[in-house]
Each structure stands twice: as C-alpha cells, then as structure tokens.
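With mmCIF, C-alpha atoms inside, this is query.cif:
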```cif
data_data
#
loop_
_atom_site.label_atom_id
_atom_site.label_comp_id
_atom_site.auth_asym_id
_atom_site.auth_seq_id
_atom_site.Cartn_x
_atom_site.Cartn_y
_atom_site.Cartn_z
CA MET A 1 -8.44 -101.32 24.46
CA SER A 2 -4.90 -102.51 23.77
CA ALA A 3 -3.60 -106.00 23.10
CA GLY A 4 -1.99 -108.07 25.83
CA ALA A 5 0.51 -110.90 25.66
CA ASP A 6 -2.26 -113.50 25.64
CA ASP A 7 -3.86 -111.82 22.63
CA PHE A 8 -0.68 -112.31 20.62
CA ARG A 9 -0.32 -115.87 21.89
CA TRP A 10 -3.78 -116.96 20.85
CA MET A 11 -3.69 -115.10 17.55
CA ALA A 12 -0.48 -116.92 16.72
CA ARG A 13 -2.36 -120.17 17.26
CA ALA A 14 -5.21 -118.95 15.05
CA LEU A 15 -2.68 -118.21 12.30
CA GLN A 16 -1.28 -121.73 12.62
CA LEU A 17 -4.79 -123.07 12.08
CA ALA A 18 -5.42 -120.77 9.12
CA ARG A 19 -2.36 -122.17 7.34
CA ARG A 20 -4.05 -125.56 7.25
CA GLY A 21 -6.29 -124.15 4.53
CA LEU A 22 -3.33 -123.03 2.43
CA TYR A 23 -4.04 -125.47 -0.39
CA SER A 24 -7.81 -125.85 -0.14
CA ALA A 25 -9.56 -122.65 1.00
CA HIS A 26 -9.28 -120.54 -2.15
CA PRO A 27 -11.04 -118.60 -3.58
CA ASN A 28 -11.98 -117.81 0.04
CA PRO A 29 -9.29 -116.45 2.38
CA ARG A 30 -7.37 -118.73 4.73
CA VAL A 31 -8.81 -118.06 8.19
CA GLY A 32 -8.29 -119.59 11.62
CA CYS A 33 -10.19 -119.07 14.87
CA VAL A 34 -9.56 -119.89 18.53
CA ILE A 35 -12.14 -119.59 21.33
CA VAL A 36 -10.63 -118.88 24.76
CA ALA A 37 -12.43 -118.87 28.12
CA GLY A 38 -10.66 -118.28 31.43
CA GLY A 39 -7.27 -118.44 29.75
CA VAL A 40 -8.01 -121.90 28.30
CA MET A 41 -8.68 -122.83 24.68
CA VAL A 42 -12.20 -124.27 24.48
CA GLY A 43 -12.64 -124.39 20.70
CA GLU A 44 -10.68 -123.90 17.51
CA GLY A 45 -11.12 -124.32 13.78
CA TRP A 46 -10.13 -123.15 10.33
CA HIS A 47 -11.81 -122.64 6.98
CA GLN A 48 -11.12 -125.71 4.93
CA ARG A 49 -12.94 -125.22 1.64
CA THR A 50 -15.34 -122.91 -0.17
CA GLY A 51 -18.93 -123.71 0.72
CA GLY A 52 -17.86 -125.28 4.00
CA PRO A 53 -18.25 -123.66 7.42
CA HIS A 54 -16.10 -120.66 8.20
CA ALA A 55 -13.41 -120.85 10.86
CA GLU A 56 -15.58 -119.12 13.48
CA VAL A 57 -18.45 -121.57 13.00
CA VAL A 58 -16.12 -124.57 13.29
CA ALA A 59 -14.53 -123.18 16.46
CA LEU A 60 -17.92 -122.36 18.00
CA ALA A 61 -19.16 -125.88 17.31
CA HIS A 62 -16.04 -127.22 19.02
CA ALA A 63 -16.57 -124.95 22.02
CA GLY A 64 -20.30 -125.57 22.43
CA THR A 65 -21.76 -123.90 25.50
CA ARG A 66 -18.27 -122.98 26.72
CA ALA A 67 -18.27 -120.17 24.14
CA ALA A 68 -20.60 -118.04 26.31
CA GLY A 69 -18.57 -115.17 27.77
CA ALA A 70 -15.42 -116.22 25.89
CA THR A 71 -13.05 -114.37 23.56
CA ALA A 72 -12.78 -115.31 19.89
CA TYR A 73 -9.47 -114.82 18.11
CA VAL A 74 -9.91 -114.66 14.33
CA THR A 75 -7.26 -113.98 11.70
CA LEU A 76 -9.68 -111.97 9.51
CA GLU A 77 -12.57 -109.66 10.39
CA PRO A 78 -15.70 -111.84 10.75
CA CYS A 79 -18.03 -111.67 7.77
CA CYS A 80 -21.36 -109.87 8.15
CA HIS A 81 -23.15 -110.84 4.95
CA GLN A 82 -24.99 -113.83 3.58
CA GLY A 83 -22.68 -115.47 1.07
CA ARG A 84 -22.25 -119.18 0.43
CA THR A 85 -22.71 -119.50 4.22
CA PRO A 86 -24.50 -117.35 6.84
CA PRO A 87 -22.73 -114.37 8.48
CA CYS A 88 -20.25 -115.23 11.21
CA THR A 89 -21.07 -112.10 13.20
CA ALA A 90 -24.52 -113.50 13.93
CA ALA A 91 -23.09 -116.86 14.96
CA LEU A 92 -20.65 -115.22 17.36
CA ALA A 93 -23.41 -113.13 18.92
CA ARG A 94 -25.76 -116.10 19.30
CA ALA A 95 -23.04 -118.09 21.04
CA GLY A 96 -22.59 -115.37 23.67
CA ILE A 97 -19.04 -114.38 22.72
CA ARG A 98 -18.01 -111.41 24.86
CA ARG A 99 -14.96 -110.20 22.95
CA VAL A 100 -13.56 -110.61 19.43
CA VAL A 101 -9.93 -110.01 18.52
CA PHE A 102 -9.15 -110.11 14.81
CA ALA A 103 -5.87 -109.63 12.98
CA ALA A 104 -6.76 -107.98 9.68
CA GLY A 105 -9.78 -106.15 8.36
CA ASP A 106 -11.67 -107.81 5.52
CA PRO A 107 -11.30 -105.70 2.34
CA ASN A 108 -14.28 -107.41 0.72
CA PRO A 109 -16.68 -104.54 -0.07
CA ARG A 110 -19.47 -106.63 1.45
CA VAL A 111 -17.62 -106.55 4.78
CA GLY A 112 -15.11 -103.68 4.94
CA GLY A 113 -15.57 -102.81 8.62
CA GLY A 114 -19.17 -103.99 8.71
CA GLY A 115 -18.23 -107.10 10.65
CA ALA A 116 -16.66 -105.13 13.49
CA ARG A 117 -19.55 -102.68 13.43
CA GLN A 118 -22.17 -105.41 13.76
CA LEU A 119 -20.28 -107.03 16.61
CA THR A 120 -19.99 -103.73 18.45
CA GLU A 121 -23.70 -103.07 17.98
CA ALA A 122 -24.37 -106.51 19.49
CA GLY A 123 -22.42 -105.49 22.61
CA ILE A 124 -19.29 -107.45 21.75
CA ALA A 125 -15.96 -105.72 22.38
CA CYS A 126 -13.66 -105.70 19.34
CA LEU A 127 -9.91 -105.34 18.96
CA SER A 128 -8.17 -105.37 15.58
CA GLY A 129 -4.62 -105.32 14.25
CA VAL A 130 -3.10 -108.11 16.36
CA LEU A 131 -0.48 -109.80 14.13
CA GLU A 132 -2.04 -108.04 11.15
CA ALA A 133 1.06 -108.26 8.94
CA GLU A 134 1.27 -112.02 9.44
CA ALA A 135 -2.41 -112.44 8.63
CA ARG A 136 -2.13 -110.38 5.46
CA ALA A 137 0.94 -112.34 4.37
CA LEU A 138 -1.12 -115.51 4.53
CA ASN A 139 -3.68 -114.19 2.04
CA PRO A 140 -1.83 -112.14 -0.61
CA GLY A 141 -4.14 -113.26 -3.40
CA PHE A 142 -7.45 -112.62 -1.68
CA LEU A 143 -6.26 -109.19 -0.57
CA SER A 144 -4.95 -108.32 -4.03
CA ARG A 145 -8.21 -109.35 -5.67
CA MET A 146 -10.26 -107.27 -3.24
CA GLU A 147 -7.95 -104.25 -3.05
CA CYS A 148 -6.46 -104.12 -6.55
CA GLY A 149 -8.99 -105.97 -8.68
CA ARG A 150 -6.51 -108.62 -9.83
CA PRO A 151 -4.82 -111.75 -8.51
CA PHE A 152 -1.45 -111.83 -6.79
CA VAL A 153 1.00 -112.85 -9.53
CA ARG A 154 3.89 -115.13 -8.63
CA VAL A 155 6.40 -115.96 -11.39
CA LYS A 156 8.25 -119.24 -10.89
CA LEU A 157 11.54 -119.64 -12.74
CA ALA A 158 14.14 -122.38 -12.99
CA ALA A 159 17.47 -121.07 -14.24
CA SER A 160 21.14 -121.89 -14.56
CA LEU A 161 23.93 -119.90 -12.94
CA ASP A 162 24.12 -117.70 -16.04
CA GLY A 163 20.42 -116.90 -15.80
CA ARG A 164 19.22 -119.19 -18.59
CA THR A 165 15.86 -120.97 -18.51
CA ALA A 166 16.04 -123.14 -21.63
CA LEU A 167 18.28 -124.02 -24.53
CA VAL A 168 17.91 -122.01 -27.72
CA ASN A 169 15.63 -124.76 -29.09
CA GLY A 170 13.28 -124.39 -26.09
CA VAL A 171 14.35 -127.55 -24.24
CA SER A 172 14.35 -126.99 -20.47
CA ARG A 173 14.12 -130.49 -18.94
CA TRP A 174 15.65 -130.58 -16.50
CA ILE A 175 17.49 -127.50 -15.33
CA THR A 176 16.88 -128.04 -11.62
CA SER A 177 17.02 -131.06 -9.34
CA GLU A 178 14.17 -133.38 -8.50
CA ALA A 179 14.03 -131.84 -5.02
CA ALA A 180 13.53 -128.37 -6.48
CA ARG A 181 10.82 -129.59 -8.81
CA ALA A 182 9.03 -131.26 -5.90
CA ASP A 183 9.29 -128.05 -3.89
CA ALA A 184 7.69 -126.09 -6.73
CA HIS A 185 4.58 -128.25 -6.45
CA GLU A 186 3.85 -126.46 -3.18
CA LEU A 187 3.61 -123.24 -5.17
CA ARG A 188 1.20 -124.92 -7.55
CA ALA A 189 -0.88 -126.32 -4.71
CA ARG A 190 -1.45 -122.92 -3.09
CA SER A 191 -2.41 -121.25 -6.38
CA SER A 192 -5.87 -120.73 -7.79
CA ALA A 193 -4.53 -121.04 -11.32
CA ILE A 194 -1.33 -121.72 -13.26
CA LEU A 195 -0.62 -119.60 -16.32
CA THR A 196 1.62 -120.58 -19.20
CA GLY A 197 2.14 -119.51 -22.80
CA ILE A 198 1.70 -121.35 -26.06
CA ALA A 199 5.47 -121.53 -26.56
CA THR A 200 5.83 -123.55 -23.36
CA VAL A 201 2.93 -125.81 -24.33
CA LEU A 202 4.49 -126.56 -27.71
CA ALA A 203 8.04 -127.01 -26.35
CA ASP A 204 7.39 -128.94 -23.12
CA ASP A 205 3.81 -130.28 -23.31
CA PRO A 206 3.36 -129.74 -19.54
CA SER A 207 0.47 -131.14 -17.51
CA LEU A 208 0.53 -128.31 -14.92
CA THR A 209 -0.89 -130.50 -12.17
CA VAL A 210 -0.02 -130.89 -8.48
CA ARG A 211 1.77 -134.18 -7.95
CA ARG A 212 2.45 -134.16 -4.21
CA PRO A 213 0.02 -136.51 -2.39
CA ASP A 214 1.78 -135.67 0.89
CA LEU A 215 0.35 -132.14 0.80
CA GLY A 216 -3.07 -133.42 1.85
CA GLU A 217 -6.26 -131.86 0.55
CA VAL A 218 -5.46 -129.67 -2.45
CA ARG A 219 -7.97 -127.77 -4.54
CA ALA A 220 -6.54 -128.33 -8.02
CA PRO A 221 -5.52 -125.07 -9.72
CA GLU A 222 -7.08 -124.24 -13.05
CA ARG A 223 -4.70 -124.39 -16.02
CA LEU A 224 -4.52 -121.25 -18.17
CA VAL A 225 -2.86 -120.82 -21.55
CA MET A 226 -2.13 -117.57 -23.36
CA ASP A 227 -2.55 -118.67 -26.98
CA SER A 228 -3.42 -115.82 -29.34
CA GLN A 229 -4.06 -118.02 -32.41
CA LEU A 230 -5.26 -121.23 -30.68
CA ARG A 231 -2.25 -123.31 -31.61
CA THR A 232 -2.63 -125.57 -28.54
CA PRO A 233 -2.84 -129.17 -29.80
CA PRO A 234 -6.10 -130.91 -28.81
CA ALA A 235 -3.91 -133.83 -27.70
CA ALA A 236 -1.89 -131.67 -25.28
CA ARG A 237 -1.31 -133.25 -21.87
CA LEU A 238 -2.96 -130.39 -19.97
CA LEU A 239 -6.24 -131.31 -21.72
CA ALA A 240 -5.93 -135.01 -20.90
CA VAL A 241 -5.48 -134.81 -17.12
CA PRO A 242 -8.21 -134.17 -14.52
CA GLY A 243 -9.15 -130.57 -13.88
CA THR A 244 -10.03 -127.61 -16.04
CA THR A 245 -8.07 -125.82 -18.74
CA ARG A 246 -8.94 -122.33 -20.01
CA ILE A 247 -7.31 -120.96 -23.16
CA PHE A 248 -7.21 -117.22 -23.79
CA CYS A 249 -6.88 -116.06 -27.38
CA SER A 250 -7.10 -112.80 -29.28
CA ARG A 251 -7.36 -114.10 -32.86
CA PRO A 252 -9.78 -117.03 -32.69
CA GLU A 253 -10.19 -119.51 -35.51
CA ALA A 254 -13.48 -121.44 -35.54
CA THR A 255 -12.18 -124.87 -36.52
CA ARG A 256 -9.37 -124.82 -33.95
CA GLN A 257 -11.72 -123.54 -31.26
CA ARG A 258 -14.22 -126.34 -31.87
CA ALA A 259 -11.43 -128.94 -31.71
CA LEU A 260 -10.10 -127.58 -28.43
CA GLU A 261 -13.55 -127.35 -26.87
CA ALA A 262 -14.22 -130.94 -27.98
CA ALA A 263 -11.02 -131.90 -26.15
CA GLY A 264 -12.34 -130.31 -22.94
CA ALA A 265 -10.90 -126.79 -23.03
CA THR A 266 -12.77 -123.59 -22.30
CA VAL A 267 -11.82 -121.02 -24.92
CA GLU A 268 -12.19 -117.29 -24.22
CA VAL A 269 -11.46 -114.36 -26.49
CA LEU A 270 -9.74 -111.31 -24.96
CA PRO A 271 -9.07 -107.95 -26.60
CA ALA A 272 -5.79 -107.81 -28.47
CA GLY A 273 -2.90 -106.03 -26.81
CA PRO A 274 0.65 -105.41 -28.07
CA GLU A 275 1.64 -107.61 -31.03
CA MET A 276 -1.99 -108.82 -31.21
CA ARG A 277 -1.56 -110.99 -28.13
CA PRO A 278 -4.33 -111.22 -25.48
CA ASP A 279 -4.34 -108.01 -23.46
CA LEU A 280 -2.86 -108.50 -19.99
CA VAL A 281 -5.04 -105.86 -18.32
CA ALA A 282 -8.14 -107.63 -19.63
CA LEU A 283 -6.68 -110.95 -18.49
CA MET A 284 -6.19 -109.73 -14.93
CA ALA A 285 -9.72 -108.33 -14.77
CA ARG A 286 -11.12 -111.60 -16.08
CA LEU A 287 -9.15 -113.66 -13.56
CA ALA A 288 -10.43 -111.47 -10.72
CA ALA A 289 -13.97 -112.10 -11.96
CA LEU A 290 -13.20 -115.83 -11.90
CA GLU A 291 -12.17 -115.47 -8.22
CA CYS A 292 -8.53 -116.26 -8.90
CA ASN A 293 -6.51 -115.28 -5.84
CA GLU A 294 -2.93 -116.42 -6.46
CA LEU A 295 -1.76 -116.84 -10.04
CA LEU A 296 1.38 -118.92 -10.59
CA VAL A 297 3.16 -118.18 -13.86
CA GLU A 298 5.21 -121.00 -15.37
CA ALA A 299 6.05 -119.61 -18.76
CA GLY A 300 8.81 -118.60 -21.12
CA PRO A 301 10.71 -115.31 -21.10
CA ARG A 302 8.32 -113.44 -23.43
CA LEU A 303 5.22 -113.84 -21.26
CA ALA A 304 7.23 -113.36 -18.06
CA GLY A 305 8.77 -110.20 -19.52
CA ALA A 306 5.40 -108.86 -20.66
CA LEU A 307 3.95 -109.32 -17.17
CA LEU A 308 6.97 -107.60 -15.65
CA ASP A 309 6.72 -104.64 -18.02
CA ALA A 310 2.99 -104.34 -17.27
CA GLY A 311 3.69 -104.13 -13.52
CA PHE A 312 1.87 -107.36 -12.75
CA VAL A 313 4.69 -109.32 -11.09
CA ASP A 314 4.22 -109.39 -7.32
CA GLU A 315 6.78 -112.08 -6.53
CA VAL A 316 9.51 -114.00 -8.29
CA VAL A 317 10.51 -117.44 -7.02
CA LEU A 318 13.76 -118.50 -8.66
CA TYR A 319 15.26 -121.98 -8.45
CA LEU A 320 18.91 -121.49 -9.34
CA ALA A 321 20.82 -124.57 -10.52
CA PRO A 322 24.62 -124.97 -10.29
CA HIS A 323 25.46 -125.20 -13.99
CA VAL A 324 25.89 -122.99 -17.04
CA LEU A 325 23.84 -123.26 -20.24
CA GLY A 326 25.71 -120.76 -22.41
CA ALA A 327 25.16 -117.46 -24.17
CA ASP A 328 22.68 -118.65 -26.80
CA ALA A 329 20.26 -120.15 -24.25
CA LEU A 330 17.03 -118.33 -23.35
CA GLY A 331 16.93 -115.83 -20.50
CA MET A 332 14.36 -115.26 -17.76
CA PHE A 333 12.58 -112.09 -18.91
CA ALA A 334 12.34 -110.94 -22.52
CA GLY A 335 10.67 -107.61 -21.90
CA ARG A 336 11.23 -104.17 -23.34
CA GLY A 337 14.74 -102.84 -23.68
CA LEU A 338 15.97 -100.28 -21.16
CA ALA A 339 17.76 -97.10 -22.09
CA THR A 340 18.96 -96.13 -18.62
CA MET A 341 19.79 -97.85 -15.35
CA ALA A 342 17.00 -95.83 -13.72
CA GLU A 343 14.48 -97.91 -15.68
CA ARG A 344 15.51 -101.14 -13.97
CA HIS A 345 12.88 -103.30 -12.32
CA ALA A 346 14.06 -103.23 -8.70
CA PHE A 347 13.46 -106.20 -6.39
CA GLU A 348 14.42 -107.11 -2.86
CA LEU A 349 15.37 -110.58 -1.66
CA THR A 350 12.83 -111.88 0.83
CA ASP A 351 13.88 -115.52 1.23
CA LEU A 352 16.87 -117.71 0.46
CA ARG A 353 17.16 -121.43 1.09
CA ARG A 354 18.83 -124.52 -0.29
CA VAL A 355 16.61 -127.13 -1.99
CA GLY A 356 18.48 -130.25 -2.99
CA ALA A 357 21.43 -129.21 -5.15
CA ASP A 358 19.80 -125.88 -5.99
CA CYS A 359 19.06 -122.54 -4.33
CA ARG A 360 15.56 -121.09 -4.03
CA LEU A 361 15.41 -117.31 -3.96
CA SER A 362 12.25 -115.25 -3.49
CA PHE A 363 11.98 -111.61 -4.53
CA ARG A 364 9.35 -108.88 -4.16
CA PRO A 365 9.27 -105.61 -6.10
CA ARG A 366 11.12 -103.00 -4.08
CA SER A 367 8.37 -100.42 -4.60
CA ALA A 368 5.94 -102.72 -2.76
#
```
Please lay out the structure from this file as structure tokens.
Amino acid sequence: MSAGADDFRWMARALQLARRGLYSAHPNPRVGCVIVAGGVMVGEGWHQRTGGPHAEVVALAHAGTRAAGATAYVTLEPCCHQGRTPPCTAALARAGIRRVVFAAGDPNPRVGGGGARQLTEAGIACLSGVLEAEARALNPGFLSRMECGRPFVRVKLAASLDGRTALVNGVSRWITSEAARADAHELRARSSAILTGIATVLADDPSLTVRRPDLGEVRAPERLVMDSQLRTPPAARLLAVPGTTRIFCSRPEATRQRALEAAGATVEVLPAGPEMRPDLVALMARLAALECNELLVEAGPRLAGALLDAGFVDEVVLYLAPHVLGADALGMFAGRGLATMAERHAFELTDLRRVGADCRLSFRPRSA
C-alpha cells in the first residue's frame, strides 16, 4: 500500500497540530492526529501535556461515531502499552478505525513496531513513513533519548562579530539586541532543561526562566548547574524563582550542600571526570533517566567546549551581533587544542535569519 496525495495532505495537518505541543508536551513526544472519513476531517487533536490524553484519543473524542470506518493520520506510531494513559491502539480499534497512517515509528522500546503490529492484528490497515523526516525533526529530543540514551543537546551562544561571548572579566550583558534575547526564550520554552556552569552563575546570576507570556502554555524547563565544588550562592536568582533547580557536583562539601538544599536546590553527586569536574557521560545518562528530551546549554566557553569535545553537541544556535569586543574577550568554545586541520569539528549551516539588529545562525554537526 503506497501513500497518495491525500495522505500527505492530512499528515501535514497532523504535523501542524503536533507543533502546538512544542512547549508543553515534553517529556512525551509532540504528536498530532487527524481523523478523516469520506475525504472530510471529522476529528483532530494533539498531545498537550504529560498525563493528559494522547493525540489519538483527543481526535477520536472529537470525531465521535464518525470515526467508524475512517482513517487516522498520526505523526508517531500509536502506543501499544499502558503508561500514564491507556494504549492508543486499543482506542483506535474500539472506535472502528479502518486505516492508520503514521509518519514515524516510535523508538520507545515499549512500542518499537508493536503499535503497528497490534493494529494489523486488529484488522486495521497500516501505512508508515509519510512525512517521516518532518515528524522526526519535531521530536529530536525524544528520539535522541530513546535511540541514543541521552538528550538532544542544543548550545545557544550570543557572540560579537569577532566570535567573543563575554569580556575578559566575564561580563556579557548585553551582547545581542532585545529582539534576539526574546527570540532565545523560544529555545528555552521548548527545552526540558537548561544547563549552565558555575562560572556563568557567578558572573551573570541568571534566572534561566522563560519570560514570554505570548508563547502560551509552557512547561517550565528545569534549571541545571554544573558546579563541581558547590560554589553556587544560596541567594542565587535561579533558586529564588519558581521552578526546580538541580546542581551537579563532583566534590561535595556538606555545609554548602545543606545550605543549597535549604534554599530549594536538589544537589546530586556525579563521578569526577577530567579536571575533577562532573563527568559528562554520567550527566547525559542521568538526564536521560530524568526524561530530559531537549537540553539547552547557556554556558561559558569551558563547558561548551567540553561538550563539543565529548561529541555531545547536536546543534549550535548562534546569535551574532554587529560589533567587536576585542582580542582579550572570551571565545565561544574553550575545548582541547587541535594539532591538525583534520581534527576540526565540522558543522553545516541549517538556518539563517535576521532577528532585530542581529543574525541567528543554526548549525548541525556535519557527520550527522
């Protein structure tokens, strides 16, 4: 069974619906569903938040009895297991759906082809792969967590024309325009967590919150700090604003830990890696266990460089401002030195746009 023009048309609509969960669905994937009978849409829905009904269930409720004999277009293979909600395969079968078209297979080991298999066993025709690339692009974090055992890591940088991110004394406010800073809040809103380093906490005292009410429902990202010796001040802004803050250390000190926990932080000890800092491999495994899909890194050049050297940077979003900070200012990545040009970290430009007075450039590793 091959896809027809209508299959692409309705899947495109399902993808539009799925994007409505961009800021609220995680740690679940963003999924949309359209129910079509006789060439007419009779029901549609999307997954809004964890614990809430899945997209298929919302669309079926919208369709009611009109779902009998219809086709369901879903951006991800319907789930077949009892999780926070019942399996969608059973709901589709009970409603009398005749055919299911889904974009991408679900890499969750609890699904992994089981959804399509259950539907087929129930006498429902299945077609997969319609607009699969677009569906996967909508859920890079969920797919990375299921397929690679770690979150999708996006490094956000604000730099001058000469590639500098802060003055030599650490001051970085403000390199980019207000428009660029507002745009970056969309990156925060779509992330499960925001990671920074102790140097940034001490220099900038950031809050790491989403401050864009116009984005609608946003599930606030958790704030994460890499702080090997627990130097985060208990009065830091990221501990005073709503939401949760988790501090990862490798050399804990009892008095400091008690003070930070009293201020509302969760403190976790990770194995020590290079230079006795928290090990990045252990960090990624821990974040996957915490169901972190997309990790946004807003940190200084040392942490950004360490993530790059470890092969954990999946995307770089660079806001480039039209001024020069000078040779003694801090760069973007302070990783290991390279002996040959062949050792370069190669990227490809995937997006370029103007934001206010600045340019926003997005890059993906070329090997990907």
Running the PyMOL selection byres ((chain A and resi 235-239) around 9) on this model by hand, what would come out? Give it as a VMD selection string. chain A and resid 201 to 202 205 to 209 223 232 to 234 240 to 245 260 263 to 265
Target residues per the PyMOL selection byres ((chain A and resi 57) around 12), formatted as a ChimeraX atom specification: /A:31-35,43-48,52-56,58-64,67,72,74,78-79,85-95
Please indicate the distance in Å from atom CA of A:Ala37 to atom CA of A:Arg66, rounded to one decimal place.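 According to the coordinates, atom CA of A:Ala37 and atom CA of A:Arg66 are separated by 7.3 Å.
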Can you report as AutoDock Vina command-line options the centre and edge lengths in Å, to one decimal, of an axis-aligned box around the listed atoms of stretch 283-288 of chain A padded with 8 Å on each side?
```
--center_x -8.7 --center_y -111.0 --center_z -14.6 --size_x 20.9 --size_y 21.3 --size_z 23.8
```
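The interatomic distance for the pair atom CA of A:Arg164 and atom CA of A:Pro278 works out to 25.8 Å.
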Atom CA of A:Lys156 and atom CA of A:His185, how far apart in Å?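 Taking atom CA of A:His185 and atom CA of A:Lys156, their separation equals 10.7 Å.
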Could you tell me which of A:Ala299, A:Ala158, A:Ala262, A:Ala133 comes closest to A:Ile194 if we count only C-alpha atoms?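 Comparing A:Ala299, A:Ala158, A:Ala262, A:Ala133 against A:Ile194, the winner is A:Ala299.
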Applying 10 Å and all atoms listed in the file, which residues near A:Leu303 remain after dropping the ones on its own chain fewer than 4 positions away? List them as number ranges by chain. A: 195-200, 226, 280, 297-299, 307-309, 332-335
If the PyMOL selection byres ((chain A and resi 319) around 7) were run on this exact file, what residues would it hold? Put them as a ChimeraX atom specification. /A:157-159,180,317-318,320-321,358-361
Selected residue, from A:Arg211, A:Arg20, A:Arg353, A:Arg364, that lies nearest to A:Glu186 when counting all atoms listed in the file: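 Using all atoms listed in the file, the shortest distance to A:Glu186 belongs to A:Arg211.
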